[in-house]
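All remarks here apply to the structure that follows.
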Amino acid sequence: MKNSRAKTHDPKNSRAKTHVQKLTILAVLILFIPSVMVAQVKQVAKWSEVKNLTENKYITAVVIEKLGELGITTKVVIKEIKTKRKESAFVLKNEGFYTIFVNSKIHNMREVIAHESLHIEQMEIGRLEQVADGFVWDGVFYPDQTPYNLRKWERDAHKRDFKLKNK
Ligand SMILES: [Zn+2]
């Protein structure tokens with residue numbers, strides 16, 4: 001269609017038109033490519049930085065994925081639980097990063113990491129705070145001895161971790 005139209009026009013004019021078209025394409029490319037590159041950089045910057053000190057390297061991907069789904073960007077260190085604790089994982093907030101202690105041999109890793117990621121979210125948004133001798137949840141202090149079933153942040157996390165696990 002372009003060719004048949006060009007034939008009916010003055011060739012000089014049509015050459016000028018082709019030139020304009022080429023310049024337009026070039027301009028679009030120049031404007032478009034950096035925005036694609038910037039979008040990619042932004043996406044990379046959204047990923048959490050994870051240092052996995054356990055043998056199970058799969059955990060790294062799960063932590064990045066679950067924090068990403070919660071829209072959280074932070075730094076995380078993953079360490080093996082050494083003592084024989086009842087729980088298979090817990091998270092501690094440090095200066096500028098979190099440490100997830102986890103039994104790297106467990107089979108429900110996605111669910112456990114989803115759960116711990118929700119605790120990180122609770123701390124990131126300021127609902128949960130770890131203090132010297134307990135926790136502060138929604139401004140209320142709970143001592144360390146607070147039974148698990150009375151810890152409201154655990155209820156909040158359990159309400160949502162099953163959904164997040166399979167997201
Ligand atoms: Zn928990």
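Following the order of the structure tokens, chains are lettered A, B, ..., residues in each are numbered from 1, and ligands are numbered from 1.
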
Give one line per residue of stretch 59-107 of chain A that approaches stretch 111-121 of chain A to at most 9 Å, naming the two atoms of the closest pair and their distance in Å to one decimal, counting only C-alpha atoms; sort by chain then ascending residue number and deliver it as a tab-separated table.
residue	atom	partner	partner_atom	distance
A:Ile59	CA	A:Ile113	CA	8.0
A:Val62	CA	A:Ile113	CA	6.9
A:Val63	CA	A:Ile113	CA	6.3
A:Lys66	CA	A:Ala114	CA	5.9
A:Leu67	CA	A:Ser117	CA	6.0
A:Leu70	CA	A:Glu121	CA	7.3
A:Gly71	CA	A:Glu121	CA	8.8
A:Ile72	CA	A:Glu121	CA	7.0
A:Ser88	CA	A:Val112	CA	7.7
A:Ala89	CA	A:Val112	CA	7.0
A:Phe90	CA	A:Glu116	CA	6.6
A:Val91	CA	A:Glu116	CA	6.4
A:Leu92	CA	A:Ile120	CA	8.8
A:Lys93	CA	A:Ile120	CA	8.1
A:Tyr98	CA	A:Ile120	CA	7.6
A:Ile100	CA	A:Glu116	CA	7.4
A:Val102	CA	A:Val112	CA	8.6
A:Ile106	CA	A:Val112	CA	8.9

Output file for the selection above: N, CA and C atoms, as a PDB file, in the first residue's frame:
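In the end it all went to out.pdb:
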ATOM      1  N   ILE A  59      16.137 -22.089  49.400  1.00  0.00           N
ATOM      2  CA  ILE A  59      15.486 -21.134  50.310  1.00  0.00           C
ATOM      3  C   ILE A  59      15.653 -19.698  49.798  1.00  0.00           C
ATOM      4  N   VAL A  62      12.927 -18.777  47.441  1.00  0.00           N
ATOM      5  CA  VAL A  62      11.623 -18.687  48.114  1.00  0.00           C
ATOM      6  C   VAL A  62      11.520 -17.365  48.887  1.00  0.00           C
ATOM      7  N   VAL A  63      12.597 -16.985  49.563  1.00  0.00           N
ATOM      8  CA  VAL A  63      12.582 -15.729  50.335  1.00  0.00           C
ATOM      9  C   VAL A  63      12.406 -14.533  49.392  1.00  0.00           C
ATOM     10  N   LYS A  66       8.707 -14.596  48.070  1.00  0.00           N
ATOM     11  CA  LYS A  66       7.651 -14.264  49.045  1.00  0.00           C
ATOM     12  C   LYS A  66       7.723 -12.795  49.468  1.00  0.00           C
ATOM     13  N   LEU A  67       8.930 -12.280  49.688  1.00  0.00           N
ATOM     14  CA  LEU A  67       9.051 -10.856  50.037  1.00  0.00           C
ATOM     15  C   LEU A  67       8.597 -10.000  48.857  1.00  0.00           C
ATOM     16  N   LEU A  70       4.970  -9.632  48.702  1.00  0.00           N
ATOM     17  CA  LEU A  70       4.471  -8.718  49.742  1.00  0.00           C
ATOM     18  C   LEU A  70       4.917  -7.280  49.477  1.00  0.00           C
ATOM     19  N   GLY A  71       5.674  -7.081  48.394  1.00  0.00           N
ATOM     20  CA  GLY A  71       6.134  -5.738  48.032  1.00  0.00           C
ATOM     21  C   GLY A  71       7.208  -5.209  48.969  1.00  0.00           C
ATOM     22  N   ILE A  72       7.993  -6.138  49.532  1.00  0.00           N
ATOM     23  CA  ILE A  72       9.034  -5.732  50.494  1.00  0.00           C
ATOM     24  C   ILE A  72      10.422  -5.860  49.868  1.00  0.00           C
ATOM     25  N   SER A  88      10.216 -24.488  63.575  1.00  0.00           N
ATOM     26  CA  SER A  88      11.161 -24.807  62.512  1.00  0.00           C
ATOM     27  C   SER A  88      11.805 -23.548  61.940  1.00  0.00           C
ATOM     28  N   ALA A  89      11.307 -22.379  62.365  1.00  0.00           N
ATOM     29  CA  ALA A  89      11.910 -21.125  61.894  1.00  0.00           C
ATOM     30  C   ALA A  89      11.508 -19.970  62.795  1.00  0.00           C
ATOM     31  N   PHE A  90      12.332 -18.952  62.820  1.00  0.00           N
ATOM     32  CA  PHE A  90      11.955 -17.679  63.451  1.00  0.00           C
ATOM     33  C   PHE A  90      12.798 -16.582  62.828  1.00  0.00           C
ATOM     34  N   VAL A  91      12.346 -15.351  63.022  1.00  0.00           N
ATOM     35  CA  VAL A  91      13.053 -14.241  62.387  1.00  0.00           C
ATOM     36  C   VAL A  91      13.445 -13.202  63.436  1.00  0.00           C
ATOM     37  N   LEU A  92      14.631 -12.650  63.278  1.00  0.00           N
ATOM     38  CA  LEU A  92      15.116 -11.599  64.175  1.00  0.00           C
ATOM     39  C   LEU A  92      15.427 -10.354  63.354  1.00  0.00           C
ATOM     40  N   LYS A  93      15.058  -9.206  63.894  1.00  0.00           N
ATOM     41  CA  LYS A  93      15.401  -7.962  63.214  1.00  0.00           C
ATOM     42  C   LYS A  93      16.731  -7.449  63.734  1.00  0.00           C
ATOM     43  N   TYR A  98      17.320  -8.508  58.292  1.00  0.00           N
ATOM     44  CA  TYR A  98      16.636  -9.533  59.098  1.00  0.00           C
ATOM     45  C   TYR A  98      17.417 -10.830  59.003  1.00  0.00           C
ATOM     46  N   ILE A 100      16.648 -14.831  59.179  1.00  0.00           N
ATOM     47  CA  ILE A 100      15.681 -15.931  59.294  1.00  0.00           C
ATOM     48  C   ILE A 100      16.475 -17.166  59.710  1.00  0.00           C
ATOM     49  N   VAL A 102      16.276 -21.029  60.224  1.00  0.00           N
ATOM     50  CA  VAL A 102      15.370 -22.057  59.704  1.00  0.00           C
ATOM     51  C   VAL A 102      16.053 -23.427  59.695  1.00  0.00           C
ATOM     52  N   ILE A 106      13.439 -29.046  56.382  1.00  0.00           N
ATOM     53  CA  ILE A 106      11.976 -29.209  56.426  1.00  0.00           C
ATOM     54  C   ILE A 106      11.391 -29.308  55.019  1.00  0.00           C
TER      55      ILE A 106
END

Fewer than 6 positions away in the same chain doesn't count, so skip those; otherwise give me all residues within 7 Å of stretch 76-81 of chain A, counting only C-alpha atoms, as a PyMOL selection string. chain A and resi 49-54+97-104

With N, CA and C atoms kept, could you save the residues just selected as a short mmCIF file (atom, residue, chain, number, x, y, z; two decimals), in the first residue's frame?
data_model
loop_
_atom_site.label_atom_id
_atom_site.label_comp_id
_atom_site.auth_asym_id
_atom_site.auth_seq_id
_atom_site.Cartn_x
_atom_site.Cartn_y
_atom_site.Cartn_z
N GLU A 49 17.86 -8.50 48.96
CA GLU A 49 19.20 -9.06 48.94
C GLU A 49 19.25 -10.18 49.98
N VAL A 50 19.54 -11.39 49.55
CA VAL A 50 19.48 -12.53 50.46
C VAL A 50 20.83 -13.23 50.51
N LYS A 51 21.32 -13.40 51.73
CA LYS A 51 22.56 -14.14 51.94
C LYS A 51 22.19 -15.44 52.65
N ASN A 52 22.31 -16.54 51.94
CA ASN A 52 21.87 -17.83 52.47
C ASN A 52 23.07 -18.62 52.97
N LEU A 53 23.17 -18.77 54.28
CA LEU A 53 24.31 -19.47 54.87
C LEU A 53 24.01 -20.95 55.14
N THR A 54 22.84 -21.43 54.67
CA THR A 54 22.53 -22.85 54.85
C THR A 54 22.94 -23.63 53.59
N PHE A 97 18.82 -5.20 58.55
CA PHE A 97 18.55 -6.49 57.90
C PHE A 97 17.83 -7.44 58.85
N TYR A 98 17.32 -8.51 58.29
CA TYR A 98 16.64 -9.53 59.10
C TYR A 98 17.42 -10.83 59.00
N THR A 99 17.36 -11.62 60.06
CA THR A 99 17.93 -12.96 60.01
C THR A 99 16.80 -13.97 60.17
N ILE A 100 16.65 -14.83 59.18
CA ILE A 100 15.68 -15.93 59.29
C ILE A 100 16.48 -17.17 59.71
N PHE A 101 16.16 -17.67 60.89
CA PHE A 101 16.75 -18.94 61.34
C PHE A 101 15.78 -20.04 60.92
N VAL A 102 16.28 -21.03 60.22
CA VAL A 102 15.37 -22.06 59.70
C VAL A 102 16.05 -23.43 59.69
N ASN A 103 15.25 -24.45 59.92
CA ASN A 103 15.72 -25.82 59.73
C ASN A 103 15.66 -26.09 58.22
N SER A 104 16.82 -26.14 57.60
CA SER A 104 16.86 -26.20 56.12
C SER A 104 16.40 -27.54 55.56
#

Quick check, in Å to one decimal: how far apart do atom CA of A:Gly126 and atom CA of A:Gln145 lie?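 Straight-line distance from atom CA of A:Gly126 to atom CA of A:Gln145 works out to 21.6 Å.
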
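Taking atom CA of A:Tyr142 and atom CA of A:Arg85 as endpoints, the distance between them is 20.6 Å.
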
I need the alpha helix (DSSP H) residues of stretch 26-94 of chain A per DSSP on the backbone, written as a JSON list (two decimals) with N, CA and C atoms, in the first residue's frame.
[["chain", "number", "residue", "atom", "x", "y", "z"],
["A", 26, "LEU", "N", 13.44, 6.19, 14.57],
["A", 26, "LEU", "CA", 14.66, 6.36, 15.37],
["A", 26, "LEU", "C", 14.34, 7.09, 16.69],
["A", 27, "ALA", "N", 13.55, 8.17, 16.56],
["A", 27, "ALA", "CA", 13.19, 8.96, 17.75],
["A", 27, "ALA", "C", 12.41, 8.11, 18.74],
["A", 28, "VAL", "N", 11.48, 7.30, 18.21],
["A", 28, "VAL", "CA", 10.67, 6.43, 19.08],
["A", 28, "VAL", "C", 11.58, 5.43, 19.79],
["A", 29, "LEU", "N", 12.55, 4.88, 19.03],
["A", 29, "LEU", "CA", 13.48, 3.91, 19.63],
["A", 29, "LEU", "C", 14.31, 4.57, 20.73],
["A", 30, "ILE", "N", 14.81, 5.77, 20.42],
["A", 30, "ILE", "CA", 15.66, 6.48, 21.40],
["A", 30, "ILE", "C", 14.87, 6.77, 22.67],
["A", 31, "LEU", "N", 13.61, 7.13, 22.50],
["A", 31, "LEU", "CA", 12.79, 7.45, 23.67],
["A", 31, "LEU", "C", 12.34, 6.18, 24.40],
["A", 32, "PHE", "N", 12.09, 5.12, 23.64],
["A", 32, "PHE", "CA", 11.49, 3.92, 24.21],
["A", 32, "PHE", "C", 12.52, 3.03, 24.91],
["A", 33, "ILE", "N", 13.67, 2.82, 24.27],
["A", 33, "ILE", "CA", 14.67, 1.88, 24.82],
["A", 33, "ILE", "C", 15.10, 2.27, 26.24],
["A", 34, "PRO", "N", 15.45, 3.54, 26.49],
["A", 34, "PRO", "CA", 15.85, 3.85, 27.89],
["A", 34, "PRO", "C", 14.74, 3.58, 28.90],
["A", 35, "SER", "N", 13.49, 3.81, 28.51],
["A", 35, "SER", "CA", 12.41, 3.58, 29.47],
["A", 35, "SER", "C", 12.28, 2.09, 29.78],
["A", 36, "VAL", "N", 12.54, 1.23, 28.77],
["A", 36, "VAL", "CA", 12.53, -0.22, 29.01],
["A", 36, "VAL", "C", 13.67, -0.59, 29.94],
["A", 37, "MET", "N", 14.85, 0.03, 29.69],
["A", 37, "MET", "CA", 16.01, -0.27, 30.53],
["A", 37, "MET", "C", 15.78, 0.19, 31.96],
["A", 38, "VAL", "N", 15.21, 1.37, 32.11],
["A", 38, "VAL", "CA", 14.93, 1.90, 33.44],
["A", 38, "VAL", "C", 13.95, 0.99, 34.17],
["A", 39, "ALA", "N", 12.91, 0.51, 33.44],
["A", 39, "ALA", "CA", 11.92, -0.39, 34.04],
["A", 39, "ALA", "C", 12.62, -1.65, 34.56],
["A", 40, "GLN", "N", 13.59, -2.15, 33.78],
["A", 40, "GLN", "CA", 14.30, -3.37, 34.22],
["A", 40, "GLN", "C", 15.14, -3.08, 35.46],
["A", 41, "VAL", "N", 15.79, -1.95, 35.47],
["A", 41, "VAL", "CA", 16.62, -1.58, 36.63],
["A", 41, "VAL", "C", 15.74, -1.47, 37.86],
["A", 42, "LYS", "N", 14.55, -0.84, 37.69],
["A", 42, "LYS", "CA", 13.63, -0.69, 38.81],
["A", 42, "LYS", "C", 13.22, -2.06, 39.36],
["A", 43, "GLN", "N", 12.99, -3.00, 38.44],
["A", 43, "GLN", "CA", 12.57, -4.34, 38.85],
["A", 43, "GLN", "C", 13.69, -5.02, 39.66],
["A", 44, "VAL", "N", 14.93, -4.87, 39.18],
["A", 44, "VAL", "CA", 16.06, -5.47, 39.87],
["A", 44, "VAL", "C", 16.19, -4.85, 41.27],
["A", 45, "ALA", "N", 16.01, -3.54, 41.35],
["A", 45, "ALA", "CA", 16.16, -2.84, 42.62],
["A", 45, "ALA", "C", 15.10, -3.26, 43.64],
["A", 58, "TYR", "N", 17.84, -23.51, 47.76],
["A", 58, "TYR", "CA", 16.46, -23.27, 47.29],
["A", 58, "TYR", "C", 15.78, -22.19, 48.13],
["A", 59, "ILE", "N", 16.14, -22.09, 49.40],
["A", 59, "ILE", "CA", 15.49, -21.13, 50.31],
["A", 59, "ILE", "C", 15.65, -19.70, 49.80],
["A", 60, "THR", "N", 16.80, -19.40, 49.20],
["A", 60, "THR", "CA", 17.06, -18.05, 48.68],
["A", 60, "THR", "C", 15.95, -17.60, 47.74],
["A", 61, "ALA", "N", 15.61, -18.46, 46.78],
["A", 61, "ALA", "CA", 14.59, -18.12, 45.79],
["A", 61, "ALA", "C", 13.23, -17.94, 46.45],
["A", 62, "VAL", "N", 12.93, -18.78, 47.44],
["A", 62, "VAL", "CA", 11.62, -18.69, 48.11],
["A", 62, "VAL", "C", 11.52, -17.36, 48.89],
["A", 63, "VAL", "N", 12.60, -16.98, 49.56],
["A", 63, "VAL", "CA", 12.58, -15.73, 50.34],
["A", 63, "VAL", "C", 12.41, -14.53, 49.39],
["A", 64, "ILE", "N", 13.16, -14.51, 48.30],
["A", 64, "ILE", "CA", 13.05, -13.39, 47.33],
["A", 64, "ILE", "C", 11.63, -13.34, 46.78],
["A", 65, "GLU", "N", 11.07, -14.52, 46.45],
["A", 65, "GLU", "CA", 9.73, -14.59, 45.87],
["A", 65, "GLU", "C", 8.66, -14.10, 46.86],
["A", 66, "LYS", "N", 8.71, -14.60, 48.07],
["A", 66, "LYS", "CA", 7.65, -14.26, 49.05],
["A", 66, "LYS", "C", 7.72, -12.80, 49.47],
["A", 67, "LEU", "N", 8.93, -12.28, 49.69],
["A", 67, "LEU", "CA", 9.05, -10.86, 50.04],
["A", 67, "LEU", "C", 8.60, -10.00, 48.86],
["A", 68, "GLY", "N", 8.93, -10.45, 47.65],
["A", 68, "GLY", "CA", 8.52, -9.73, 46.45],
["A", 68, "GLY", "C", 7.00, -9.65, 46.35],
["A", 69, "GLU", "N", 6.33, -10.77, 46.65],
["A", 69, "GLU", "CA", 4.87, -10.79, 46.59],
["A", 69, "GLU", "C", 4.24, -9.86, 47.63]]

Could you tell me how far atom CA of A:Ser48 sits from atom CA of A:Lys75, in Å to one decimal place? 5.7 Å

Chain A: residues DSSP assigns to strand (DSSP E or B), reported as a short mmCIF file (atom, residue, chain, number, x, y, z; two decimals) with C-alpha atoms, in the first residue's frame:
data_model
loop_
_atom_site.label_atom_id
_atom_site.label_comp_id
_atom_site.auth_asym_id
_atom_site.auth_seq_id
_atom_site.Cartn_x
_atom_site.Cartn_y
_atom_site.Cartn_z
CA GLU A 49 19.20 -9.06 48.94
CA VAL A 50 19.48 -12.53 50.46
CA LYS A 51 22.56 -14.14 51.94
CA ASN A 52 21.87 -17.83 52.47
CA LYS A 75 18.24 -7.51 53.29
CA VAL A 76 17.94 -11.01 54.70
CA VAL A 77 20.44 -13.49 56.09
CA ILE A 78 19.31 -17.12 56.27
CA LYS A 79 20.92 -19.22 58.99
CA GLU A 80 20.47 -22.78 60.16
CA ALA A 89 11.91 -21.13 61.89
CA PHE A 90 11.95 -17.68 63.45
CA VAL A 91 13.05 -14.24 62.39
CA LEU A 92 15.12 -11.60 64.17
CA LYS A 93 15.40 -7.96 63.21
CA TYR A 98 16.64 -9.53 59.10
CA THR A 99 17.93 -12.96 60.01
CA ILE A 100 15.68 -15.93 59.29
CA PHE A 101 16.75 -18.94 61.34
CA VAL A 102 15.37 -22.06 59.70
CA LEU A 128 5.34 -5.59 65.20
CA GLU A 129 8.44 -4.62 67.11
CA GLN A 130 10.93 -6.92 68.81
CA VAL A 131 12.08 -5.42 72.09
CA GLY A 134 9.23 -9.25 74.46
CA PHE A 135 7.24 -7.82 71.59
CA VAL A 136 5.13 -4.76 70.84
CA TRP A 137 2.13 -5.45 68.61
CA VAL A 140 0.74 -3.14 73.13
CA PHE A 141 3.62 -4.86 74.95
CA TYR A 142 3.68 -8.67 75.19
CA PRO A 143 6.39 -10.25 77.34
#

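Take the candidates A:Ile25, A:Ile125, A:Ala157, A:Ala16 and check each one against ligand 1 using only C-alpha atoms and all ligand atoms; the shortest distance goes to A:Ala157.
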
Find the residue from A:Ser14, A:Asn149, A:Thr83, A:Thr24 that sits nearest to ligand 1; use only C-alpha atoms and all ligand atoms when measuring. A:Asn149

For a quick check of understanding, using only C-alpha atoms, which of A:Thr74, A:Trp153, A:Leu164, A:Asp133 has the smallest distance to A:Lys46? A:Thr74
